[in-house]
Structures are given as structure tokens and as C-alpha cells.
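Q: Could you have a look at this structure, given as C-alpha cells, before my questions?
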Amino acid sequence: MNVLKIMLERGAQDWSAPISITELAKPYYDLVNEQLCTYNLKNISADFTTNFSQSKIERHLRSLPLKYLSTTSTRFSNISPPFELTDDMFYVREEYRIEGEAAHDRIIKAVEQKFEEYLEVFSER
């Protein structure tokens, strides 16, 4: 979800363009650290409780479970997830690339809603 948030910050025209793990590492680390300061999240990797390490965050990004970033359960469907990691590049599969300002805004709202659901499960109240 945080990878998608970072990608969406690139704007309606560029949000779905491939992005490298190298480019993602620092903004991803900063975003997770900001969330740790704002919310009392549990089960966060130790990589985010120490100083930034490019290699550790890149390794963390490579381990993300992209198959779970789908709107359709892969247990019940042969539909592939909308995201993939190939050669250290995150891609939005072509069939999921939606262009236009209105679509971009709706995707942002959906991500914000999913983040709120995430907070309900993974933050300590």
C-alpha cells in the first residue's frame, strides 16, 4: 500500500510508470517512519526502527507479498495481482493502468480507505 501511495504522488499521468526499488527505498522508509510517529503500529520490521539503510530497505521491498495486493483472492481466482516486481522494478500490469485525473483521485481515495482499514488491524489503541 505504501508503494502505491508513493507511486500515486507522481500524479495522474505518471502514477503507473515503473519505479525501481532503488528509487523507492528512501521515500518508503520515510513514509513508514512518519506512520510510526503518527500511529502506534505493531509488528513493524526492525529495519524501520534504526537509521536508514538503503540495502535493508531494498531487501524489505523485494520481500513484499505482491500477490496479496489484489482485489480478488488468488485462492479463488486465476486473476493475477495488479502489481509485479521484475528485475528490481515495480510495475502496474497494463490491464490495471487507469489514466485520467478522476481515476487517479478515485485510486487515491481507495488507498486511503485501505490504509484506514490497515490501521484498525495493526495499530494499538
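Labels used: A, B, ... for chains in the order of the C-alpha cells, numbers from 1 for residues in each chain, and numbers from 1 for ligands as shown.
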Can you tell me, as a list of chain:residue names, what residues are no more than 6 Å from segment 83-99 of chain A when counting only C-alpha atoms, ignoring any on the same chain fewer than 3 positions away?
A: A:Ser16, A:Pro18, A:Ile19, A:Ser20, A:Ile21
Q: May I have the residues from that selection written out with C-alpha atoms, as a PDB file, in the first residue's frame?
A:
```pdb
ATOM      1  CA  SER A  16       1.551   3.789 -13.037  1.00  0.00           C
ATOM      2  CA  PRO A  18       7.502   1.531 -13.406  1.00  0.00           C
ATOM      3  CA  ILE A  19       9.570   2.532 -10.400  1.00  0.00           C
ATOM      4  CA  SER A  20      12.823   0.998  -9.200  1.00  0.00           C
ATOM      5  CA  ILE A  21      13.446  -0.358  -5.738  1.00  0.00           C
TER       6      ILE A  21
END
```
Q: Fewer than 4 positions away in the same chain doesn't count, so skip those; otherwise give me all residues within 9 Å of Phe115 of chain A, counting only C-alpha atoms, as a PDB file with N, CA and C atoms, in the first residue's frame.
A:
```pdb
ATOM      1  N   MET A   1       0.821  -1.185   0.000  1.00  0.00           N
ATOM      2  CA  MET A   1       0.000   0.000   0.000  1.00  0.00           C
ATOM      3  C   MET A   1       0.869   1.254   0.000  1.00  0.00           C
ATOM      4  N   ASN A   2       1.951   1.233   0.768  1.00  0.00           N
ATOM      5  CA  ASN A   2       2.830   2.400   0.792  1.00  0.00           C
ATOM      6  C   ASN A   2       3.547   2.591  -0.532  1.00  0.00           C
ATOM      7  N   ALA A 110      -9.348   5.149  -2.603  1.00  0.00           N
ATOM      8  CA  ALA A 110      -9.377   3.722  -2.282  1.00  0.00           C
ATOM      9  C   ALA A 110      -8.174   3.334  -1.426  1.00  0.00           C
ATOM     10  N   VAL A 111      -7.002   3.880  -1.754  1.00  0.00           N
ATOM     11  CA  VAL A 111      -5.796   3.588  -0.974  1.00  0.00           C
ATOM     12  C   VAL A 111      -5.936   4.153   0.439  1.00  0.00           C
ATOM     13  N   LEU A 119      -4.999   0.375   9.624  1.00  0.00           N
ATOM     14  CA  LEU A 119      -4.785   0.934  10.964  1.00  0.00           C
ATOM     15  C   LEU A 119      -5.671   0.270  12.005  1.00  0.00           C
ATOM     16  N   GLU A 120      -6.877  -0.061  11.628  1.00  0.00           N
ATOM     17  CA  GLU A 120      -7.787  -0.722  12.562  1.00  0.00           C
ATOM     18  C   GLU A 120      -7.223  -2.068  13.004  1.00  0.00           C
TER      19      GLU A 120
END
```
Q: Fewer than 6 positions away in the same chain doesn't count, so skip those; otherwise give me all residues within 7 Å of segment 51-63 of chain A, counting only C-alpha atoms, as a PyMOL selection string.
A: chain A and resi 21-22+25+29
Q: Calculate how many Å separate atom CA of Leu41 of chain A from atom CA of Tyr118 of chain A, rounding to one decimal.
A: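 Atom CA of Leu41 of chain A sits 9.8 Å away from atom CA of Tyr118 of chain A.
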Q: Taking only C-alpha atoms into account, name the residue in A:Val121, A:Glu116, A:Ser45, A:His104 that is nearest to Leu4 of chain A.
A: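 So, comparing all the options, the nearest one is A:His104.
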Q: So what do you get for atom CA of Pro65 of chain A versus atom CA of Asp14 of chain A, distance-wise?
A: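 If I compute the distance from atom CA of Pro65 of chain A to atom CA of Asp14 of chain A, I get 23.5 Å.
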Q: Give me, as an MDAnalysis selection string, the residues of chain A that a backbone DSSP run labels alpha helix (DSSP H).
A: chainID A and resid 2:8 21:38 54:62 101:122
Q: Could you jot down the atom CA of Glu112 of chain A to atom CA of Leu36 of chain A separation for me, Å, one decimal place?
A: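 These two atoms are separated by 16.4 Å.
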Q: Among chain A, which ones does DSSP place in strand (DSSP E or B), written as a list in words?
A: Ile19, Ser20, Leu41, Phe83, Glu84, Leu85, Thr86, Met89, Phe90, Tyr91, Val92 and Ser123 of chain A
Q: Select, from A:Lys5, A:Phe122, A:Gly11, A:Leu24, the residue with the minimum atom-to-atom distance to Gly100 of chain A, counting only C-alpha atoms.
A: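 Once distances to Gly100 of chain A are computed over only C-alpha atoms, the minimum belongs to A:Gly11.
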Q: Looking at only C-alpha atoms, which of A:Lys42, A:Thr50, A:Gln35, A:Ile108 is the one that sits closest to Arg10 of chain A?
A: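 So, comparing all the options, the nearest one is A:Ile108.
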